[in-house]
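K.L.:
Just passing along the structure, written as structure tokens.
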Amino acid sequence: MIFQQKQEWLKYRFQSMKTREVISRFADVGRHLVLCASLEGGQRRPSTRAKILECTYTLPKIDHQLNRVSALSQRSIIAMGDRCLDHRASFFSLSNLPLGDPIDWHRDYSSDIVCPVKYSGLINSRDTAKVGDVKYTWELNRLQQLVPLALAWSFTEKATYWMEIEKQLLSWDKSNQFMMGVNWKSPLEAGVRLISWAYVSLLTSGLQKSREVFQNVLRQQIYQHQYFISKFYSKHSSANNHLIGEMAGLYVGAVFWPWYRESASWRLFARQMLIDEIVRQVEPDGVGRERATEYQMFVLELFLLVGALGGAIGNPFPDAYWNRINRMLGFLAAISNRTGDLPMFGDGDSGQVINLSDTMNERASALIKISKFPAGDNTDLRSQLLLWGKPAKETPLSPVTSANRGVESFSDGGYYVLAADRGGENEFVVVFDAGALGLPPLYAHGHADALSFWLSYGGKEFFIDPGTYCYQTSPHWRSYFRGTSAHNTVRVDGQDQSVTGGPFLWREAARAQLEHIEETDDLIDVAGSHDGYRRLLDPVTHTRALRLYKRSRGLVISDDLVCQGSHDVELLYHFNESCHIQRLATGDFEVTNGEKRLAIRLDPRLRVELYRGSDAPIFGWVSRTFAVKQPCFTLVARGQLTGSMRFQTEISAL
């Protein structure tokens with residue numbers, strides 16, 4: 001069965017490639033063969049190509065800005081540094097887990113599976129039996145824990161923090177010879193490590209003699225990491241957020257360590273690639289083409305830190321680049337409520353460019369704060385690091401102001417925000433998804449969520465997008481969280497709107513489009529449709545209309561399903577894990593989140609079941625952090641569709 005699934009995946013994967021990509025992949029195989037043969041011959045990718053070049057610019061400094069970090073933030077970072085001193089890790093499902101001394105850099109600490117150390121090209125990182133969950137291994141090997149250690153040294157000047165940085169760097173260097181092991185499998189991971197090392201270098205610039213070992217070890221590693229990225233960066237159908245992370249790492253590395261004959265060309269190449277990719281991977285209205293909120297924040301941080309670094313060294317990025325960043329920030333602000341909640345559209349793996357143990361909402365709030373107050377002083381630590389210690393007013397960022405209208409349209413991305421009393425005590429925000437599945441041709445990180453919606457009332461999240469949970473470790477959970485049944489939309493005949501071809505591949509993509517949008521003083525109307533169920537033997541078209549009454553804060557959802565025959569239909573509603581639901585009558589419910597309440601009335605022709613943490617069938621789950629899920633309430637309203645029918649749902653603020 002597993003072998004058959006692999007064969008099918010390979011077939012669909014090759015079908016997604018053009019001839020040029022197939023040739024490119026064979027060329028990569030050839031490069032791997034040459035490297036593997038040279039390593040077996042006793043050669044290690046040389047550091048002899050290093051050549052100290054004169055630096056014509058001044059690197060940024062951040063020391064004076066760190067003095068302005070609040071005492072509370074400093075204590076939090078120092079506590080993180082102390083856990084790093086004790087070799088304890090907290091990420092994904094791990095909580096304060098002892099890693100041992102020395103750290104095993106090839107171990108998945110969630111399963112205790114140790115990946116074999118052999119040439120990276122020969123390792124199948126998706127083979128969980130031999131590798132475990134590679135996300136855990138890679139997360140530790142991003143070496144982002146060195147940044148809190150460097151910050152803790154900056155705040156206290158205690159030598160133990162710097163000694164631990166050197167200790168972990170030497171340990172990592174010894175355990176990860178060039179191209180040997182799973183940590184040389186992904187150029188993205190190499191890019192993130194380069195950024196981590198750059199921040200350590202920035203934060204410890206006051207150290208001199210003590211940093212000699214650090215710099216001498218890095219001299220070879222920096223070259224090898226940049227060489228690896230330059231040869232094996234993501235291309236063609238795989239060129240998604242990974243490519244942005246790879247190029248950001250290559251650029252940052254070339255700026256901080258212009259030691260090599262290739263440094264200038266690497267910097268120019270990475271800069272141009274980032275300028276090209278922000279246009280290719282981000283819609284003109286600021287919506288990421290992967291249609292994944294967490295990845296949008298990840299690449300936004302990458303674009304932002306690279307742009308800010310370029311400006312700091314006199315290598316500014318063009319206005320068009322910054323204009324797209326501003327629009328990305330504007331989209332984040334538009335889909336967030338007044339307390340910082342926002343929908344978790346598409347995939348997310350809790351990845352951060354700077355890991356300070358912030359939640360997704362905290363990261364979004366920090367970015368939005370930068371965008372709303374660029375003329376002021378950014379004093380939060382994340383913002384200072386992203387901008388390399390420069391105030392936002394010294395960047396080309398433009399203020400993002402809240403729209404005066406009740407509707408904000410992101411027509412390129414396919415998202416529409418309906419709102420009343422924006423920013424007020426009774427703020428009512430609905431985000432409607434009538435956009436594409438994701439970035440073609442793989443649509444890898446998109447979810448089958450066409451015509452779904454997210455709803456917040458009074459700063460409290462009610463109707464949610466449940467997140468991602470996992471990638472490789474559990475196919476049935478992967479299928480659920482990315483499938484139609486995990487989203488606030490309609491499912492027909494128990495099938496997803498789009499057809500999967502693998503964990504990161506959709507072979508048939510539903511196409512959604514806007515049908516109508518209008519705003520008056522009293523209400524907002526928006527409608528969209530999708531063709532995902534046109535593939536059925538008896539084709540079904542789904543059109544959903546949302547009407548928001550501004551004064552009463554009531555939402556009416558009308559689902560029109562057009563077909564000739566008979567089908568099973570499910571209307572799905574997922575709620576924030578803090579919500580309590582009480583059934584008042586057959587189709588009437590009251591939902592409470594804190595002091596805020598909503599009334600829900602479902603179509604009386606539907607039979608309604610309430611789930612919470614159910615495994616069979618899978619319903620009633622939310623995942624705020626990768627690899628962690630928790631129960632929440634889900635309402636499933638089931639019925640029989642016979643010919644064309646309309647189902648209506650009423651949601652009212654109480």
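Residue numbering restarts at 1 for every chain of the structure tokens, chains are lettered A, B, ... in their displayed order, and ligands are numbered from 1 as they appear.
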Fewer than 5 positions away in the same chain doesn't count, so skip those; otherwise give me all residues within 9 Å of Tyr251 of chain A, counting only C-alpha atoms, as a list in words.
P.N.:
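Residues near the query, excluding close chain neighbours: Glu246, Phe256, Trp266, Arg267, Leu268, Phe269, Ala270, Arg271 and Val306 of chain A.
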K.L.:
From the DSSP assignment of the backbone, select every residue of segment 608-640 of chain A that is strand (DSSP E), and format the answer as a ChimeraX atom specification.
P.N.:
/A:608-612,614-615,618-619,621-625,628-631,633-640
K.L.:
Based on the selection just made, write C-alpha atoms of those residues as a PDB file, in the first residue's frame.
P.N.:
```
ATOM      1  CA  VAL A 608     -26.770  19.032  13.474  1.00  0.00           C
ATOM      2  CA  GLU A 609     -24.096  17.210  15.480  1.00  0.00           C
ATOM      3  CA  LEU A 610     -21.633  18.792  17.875  1.00  0.00           C
ATOM      4  CA  TYR A 611     -18.082  17.398  18.130  1.00  0.00           C
ATOM      5  CA  ARG A 612     -15.160  18.150  20.402  1.00  0.00           C
ATOM      6  CA  SER A 614     -13.360  13.416  18.138  1.00  0.00           C
ATOM      7  CA  ASP A 615     -11.073  10.855  16.482  1.00  0.00           C
ATOM      8  CA  ILE A 618     -12.087  13.451  13.040  1.00  0.00           C
ATOM      9  CA  PHE A 619     -13.739  16.707  14.068  1.00  0.00           C
ATOM     10  CA  TRP A 621      -9.515  20.057  16.751  1.00  0.00           C
ATOM     11  CA  VAL A 622      -7.322  23.150  16.463  1.00  0.00           C
ATOM     12  CA  SER A 623      -3.532  23.397  16.123  1.00  0.00           C
ATOM     13  CA  ARG A 624      -1.967  26.713  17.162  1.00  0.00           C
ATOM     14  CA  THR A 625       1.556  25.276  17.207  1.00  0.00           C
ATOM     15  CA  VAL A 628       0.406  20.273  18.898  1.00  0.00           C
ATOM     16  CA  LYS A 629      -3.385  19.938  18.699  1.00  0.00           C
ATOM     17  CA  GLN A 630      -6.129  20.567  21.228  1.00  0.00           C
ATOM     18  CA  PRO A 631      -9.899  20.029  21.307  1.00  0.00           C
ATOM     19  CA  PHE A 633     -16.028  22.588  19.239  1.00  0.00           C
ATOM     20  CA  THR A 634     -17.159  21.848  15.688  1.00  0.00           C
ATOM     21  CA  LEU A 635     -20.746  21.985  14.437  1.00  0.00           C
ATOM     22  CA  VAL A 636     -21.528  19.739  11.468  1.00  0.00           C
ATOM     23  CA  ALA A 637     -24.909  20.276   9.808  1.00  0.00           C
ATOM     24  CA  ARG A 638     -25.733  17.383   7.468  1.00  0.00           C
ATOM     25  CA  GLY A 639     -28.453  17.017   4.893  1.00  0.00           C
ATOM     26  CA  GLN A 640     -29.474  15.679   1.514  1.00  0.00           C
TER      27      GLN A 640
END
```
K.L.:
Using only C-alpha atoms, which residue out of A:Ala444, A:Ala37, A:Met163, A:Met180 lies closest to Tyr295 of chain A?
P.N.:
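The closest residue to Tyr295 of chain A is A:Ala444.
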K.L.:
Find, counting only C-alpha atoms, the residue in A:Val213, A:Leu59, A:Leu39, A:Leu356 that gets nearest to Ala308 of chain A.
P.N.:
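Checking each of A:Val213, A:Leu59, A:Leu39, A:Leu356 against Ala308 of chain A, counting only C-alpha atoms, the winner is A:Leu59.
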K.L.:
Would you mind listing what lies within 8 Å of Gly348 of chain A as an MDAnalysis selection string, with only C-alpha atoms counted and same-chain residues fewer than 6 positions away left out?
P.N.:
chainID A and resid 292:295 467:468 626
K.L.:
Please, could you write that set of residues out with C-alpha atoms as a PDB file, in the first residue's frame?
P.N.:
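Final output, saved to result.pdb:
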```
ATOM      1  CA  ALA A 292      -0.747  30.588   4.021  1.00  0.00           C
ATOM      2  CA  THR A 293      -0.786  33.176   6.822  1.00  0.00           C
ATOM      3  CA  GLU A 294       2.169  31.824   8.813  1.00  0.00           C
ATOM      4  CA  TYR A 295       4.356  31.507   5.741  1.00  0.00           C
ATOM      5  CA  GLY A 467      -4.321  25.323  11.425  1.00  0.00           C
ATOM      6  CA  THR A 468      -1.979  22.576  10.194  1.00  0.00           C
ATOM      7  CA  PHE A 626       3.085  22.787  14.805  1.00  0.00           C
TER       8      PHE A 626
END
```
K.L.:
Per residue of segment 303-368 of chain A within 12 Å of segment 564-587 of chain A, note the shortest atom pair and the distance in Å to one decimal, counting only C-alpha atoms, and order the rows by chain and increasing residue number, as JSON lines.
P.N.:
```
{"residue": "A:Asp341", "atom": "CA", "partner": "A:Asn576", "partner_atom": "CA", "distance": 10.8}
{"residue": "A:Leu342", "atom": "CA", "partner": "A:Asn576", "partner_atom": "CA", "distance": 11.6}
{"residue": "A:Pro343", "atom": "CA", "partner": "A:Asn576", "partner_atom": "CA", "distance": 10.8}
{"residue": "A:Met344", "atom": "CA", "partner": "A:Asn576", "partner_atom": "CA", "distance": 11.8}
```
K.L.:
How about saving the chosen residues, C-alpha atoms kept, as a CSV table (one decimal), in the first residue's frame?
P.N.:
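So the final result, stored in again-v6.csv, reads:
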```
chain,number,residue,atom,x,y,z
A,341,ASP,CA,-6.1,37.4,16.4
A,342,LEU,CA,-6.0,36.5,12.8
A,343,PRO,CA,-7.0,33.5,10.6
A,344,MET,CA,-4.5,30.6,10.1
```
K.L.:
Between A:Val117, A:Ile325, A:Leu250, A:Val255, single out the one closest to Gly181 of chain A, counting only C-alpha atoms.
P.N.:
A:Val117
K.L.:
Would you write out, as JSON lines, a table of all residues in segment 139-253 of chain A that have an atom no more than 6 Å from an atom of segment 77-91 of chain A, listing for each the closest atom pair and the distance in Å to one decimal, considering only C-alpha atoms and ordering rows by chain and rising residue number?
P.N.:
```
{"residue": "A:Pro148", "atom": "CA", "partner": "A:Gly81", "partner_atom": "CA", "distance": 5.3}
{"residue": "A:Leu149", "atom": "CA", "partner": "A:Gly81", "partner_atom": "CA", "distance": 4.7}
{"residue": "A:Ala152", "atom": "CA", "partner": "A:Ile78", "partner_atom": "CA", "distance": 4.9}
```
K.L.:
With only C-alpha atoms counted and 10 Å as the cut-off, give the residues of segment 126-227 of chain A in contact with segment 472-480 of chain A, each with its shortest interatomic distance in Å and the pair that gives it, as a Markdown table.
P.N.:
```
| residue | atom | partner | partner_atom | distance |
| --- | --- | --- | --- | --- |
| A:Arg126 | CA | A:Gln472 | CA | 6.5 |
| A:Asp127 | CA | A:Gln472 | CA | 8.5 |
| A:Thr128 | CA | A:Thr473 | CA | 6.6 |
| A:Ala129 | CA | A:Thr473 | CA | 9.5 |
| A:Gly132 | CA | A:Thr473 | CA | 8.0 |
| A:Asp133 | CA | A:Thr473 | CA | 6.3 |
| A:Val134 | CA | A:Gln472 | CA | 8.7 |
| A:Lys135 | CA | A:Gln472 | CA | 9.0 |
```
K.L.:
If you count only C-alpha atoms, which residues fall within 12 Å of Ile370 of chain A, apart from same-chain ones fewer than 5 positions away, as a short mmCIF file (atom, residue, chain, number, x, y, z; two decimals) with N, CA and C atoms, in the first residue's frame?
P.N.:
```cif
data_model
loop_
_atom_site.label_atom_id
_atom_site.label_comp_id
_atom_site.auth_asym_id
_atom_site.auth_seq_id
_atom_site.Cartn_x
_atom_site.Cartn_y
_atom_site.Cartn_z
N GLU A 301 9.06 38.66 7.20
CA GLU A 301 10.20 38.94 8.07
C GLU A 301 11.51 38.86 7.29
N LEU A 304 11.78 41.84 4.99
CA LEU A 304 11.98 43.04 5.80
C LEU A 304 13.41 43.15 6.30
N ILE A 325 6.27 45.09 0.33
CA ILE A 325 6.33 44.85 1.78
C ILE A 325 5.22 45.61 2.49
N ASN A 326 5.05 46.88 2.13
CA ASN A 326 4.00 47.68 2.76
C ASN A 326 2.62 47.07 2.54
N LEU A 329 2.15 44.08 4.82
CA LEU A 329 1.83 44.54 6.17
C LEU A 329 0.38 45.00 6.25
N GLY A 330 -0.09 45.67 5.20
CA GLY A 330 -1.47 46.13 5.17
C GLY A 330 -2.45 44.99 5.19
N LEU A 332 -1.93 41.98 6.54
CA LEU A 332 -1.92 41.43 7.90
C LEU A 332 -2.78 42.28 8.84
N ALA A 333 -2.65 43.59 8.72
CA ALA A 333 -3.44 44.48 9.58
C ALA A 333 -4.92 44.33 9.30
N ARG A 363 3.75 37.75 16.94
CA ARG A 363 4.60 38.13 15.81
C ARG A 363 3.84 39.05 14.86
N ALA A 364 2.58 38.68 14.58
CA ALA A 364 1.77 39.51 13.69
C ALA A 364 1.58 40.90 14.28
N SER A 365 1.33 40.97 15.58
CA SER A 365 1.12 42.27 16.23
C SER A 365 2.37 43.13 16.15
N ALA A 375 6.85 56.17 11.86
CA ALA A 375 7.52 57.44 12.21
C ALA A 375 7.99 57.45 13.66
N GLY A 376 7.53 56.50 14.45
CA GLY A 376 7.91 56.46 15.86
C GLY A 376 9.11 55.57 16.10
N ASP A 377 9.41 55.33 17.36
CA ASP A 377 10.54 54.49 17.73
C ASP A 377 10.03 53.09 18.03
N ASN A 378 10.58 52.11 17.33
CA ASN A 378 10.20 50.72 17.58
C ASN A 378 11.07 50.18 18.72
N THR A 379 10.45 49.94 19.85
CA THR A 379 11.22 49.53 21.02
C THR A 379 11.08 48.05 21.34
N ASP A 380 10.14 47.35 20.66
CA ASP A 380 10.07 45.93 20.96
C ASP A 380 11.25 45.23 20.31
N LEU A 381 11.73 44.18 20.96
CA LEU A 381 12.98 43.53 20.59
C LEU A 381 12.92 42.94 19.19
N ARG A 382 11.82 42.26 18.85
CA ARG A 382 11.73 41.64 17.53
C ARG A 382 11.88 42.70 16.42
N SER A 383 11.22 43.82 16.57
CA SER A 383 11.30 44.87 15.56
C SER A 383 12.72 45.42 15.44
N GLN A 384 13.38 45.59 16.57
CA GLN A 384 14.75 46.10 16.54
C GLN A 384 15.68 45.15 15.79
N LEU A 386 14.75 42.81 13.49
CA LEU A 386 14.37 42.75 12.08
C LEU A 386 14.91 43.95 11.31
N LEU A 387 14.98 45.09 11.96
CA LEU A 387 15.45 46.31 11.30
C LEU A 387 16.91 46.62 11.63
N LYS A 390 17.82 49.85 13.44
CA LYS A 390 17.40 51.12 12.87
C LYS A 390 15.94 51.41 13.22
N PRO A 391 15.58 52.66 13.48
CA PRO A 391 14.17 52.99 13.68
C PRO A 391 13.41 52.84 12.37
N ALA A 392 12.13 52.51 12.48
CA ALA A 392 11.32 52.28 11.28
C ALA A 392 11.27 53.51 10.38
N LYS A 393 11.39 54.71 10.98
CA LYS A 393 11.30 55.94 10.19
C LYS A 393 12.47 56.08 9.22
N GLU A 394 13.55 55.29 9.43
CA GLU A 394 14.70 55.35 8.53
C GLU A 394 14.61 54.30 7.43
N THR A 395 13.46 53.65 7.30
CA THR A 395 13.21 52.70 6.22
C THR A 395 12.12 53.26 5.32
N PRO A 396 11.93 52.70 4.14
CA PRO A 396 10.85 53.18 3.24
C PRO A 396 9.46 52.65 3.61
N LEU A 397 9.26 52.24 4.85
CA LEU A 397 7.94 51.78 5.27
C LEU A 397 6.96 52.95 5.28
N SER A 398 5.73 52.67 4.89
CA SER A 398 4.67 53.68 4.90
C SER A 398 3.64 53.32 5.94
N PRO A 399 3.01 54.31 6.56
CA PRO A 399 2.00 54.01 7.58
C PRO A 399 0.83 53.24 6.99
N VAL A 400 0.38 52.21 7.72
CA VAL A 400 -0.81 51.47 7.34
C VAL A 400 -1.93 51.95 8.24
N THR A 401 -2.93 52.55 7.64
CA THR A 401 -4.06 53.07 8.42
C THR A 401 -5.28 52.19 8.21
#
```
K.L.:
Among segment 169-288 of chain A, which ones does DSSP place in helix (DSSP H, G or I), written as number ranges by chain?
P.N.:
A: 169-175, 182-184, 187-203, 209-232, 236-238, 241-256, 263-281
K.L.:
Excluding Ala150 of chain A and its own-chain neighbours fewer than 4 positions away, which residues fall within 9 Å of it when counting only C-alpha atoms? Please give them as a PyMOL selection string.
P.N.:
chain A and resi 81+145-146+154-155+161-162+165+199-201+203-204
K.L.:
May I have the selected residues written with C-alpha atoms, as a short mmCIF file (atom, residue, chain, number, x, y, z; two decimals), in the first residue's frame?
P.N.:
```
data_model
loop_
_atom_site.label_atom_id
_atom_site.label_comp_id
_atom_site.auth_asym_id
_atom_site.auth_seq_id
_atom_site.Cartn_x
_atom_site.Cartn_y
_atom_site.Cartn_z
CA GLY A 81 19.32 31.91 27.66
CA GLN A 145 18.84 29.31 20.35
CA LEU A 146 22.20 31.07 19.97
CA SER A 154 24.33 41.68 25.83
CA PHE A 155 22.03 42.30 28.80
CA TYR A 161 26.47 32.81 27.72
CA TRP A 162 29.27 33.47 25.24
CA ILE A 165 27.64 29.89 22.07
CA TYR A 199 22.58 38.05 14.61
CA VAL A 200 25.04 36.47 17.03
CA SER A 201 27.84 38.37 15.33
CA LEU A 203 24.92 41.23 19.16
CA THR A 204 28.42 40.29 20.32
#
```
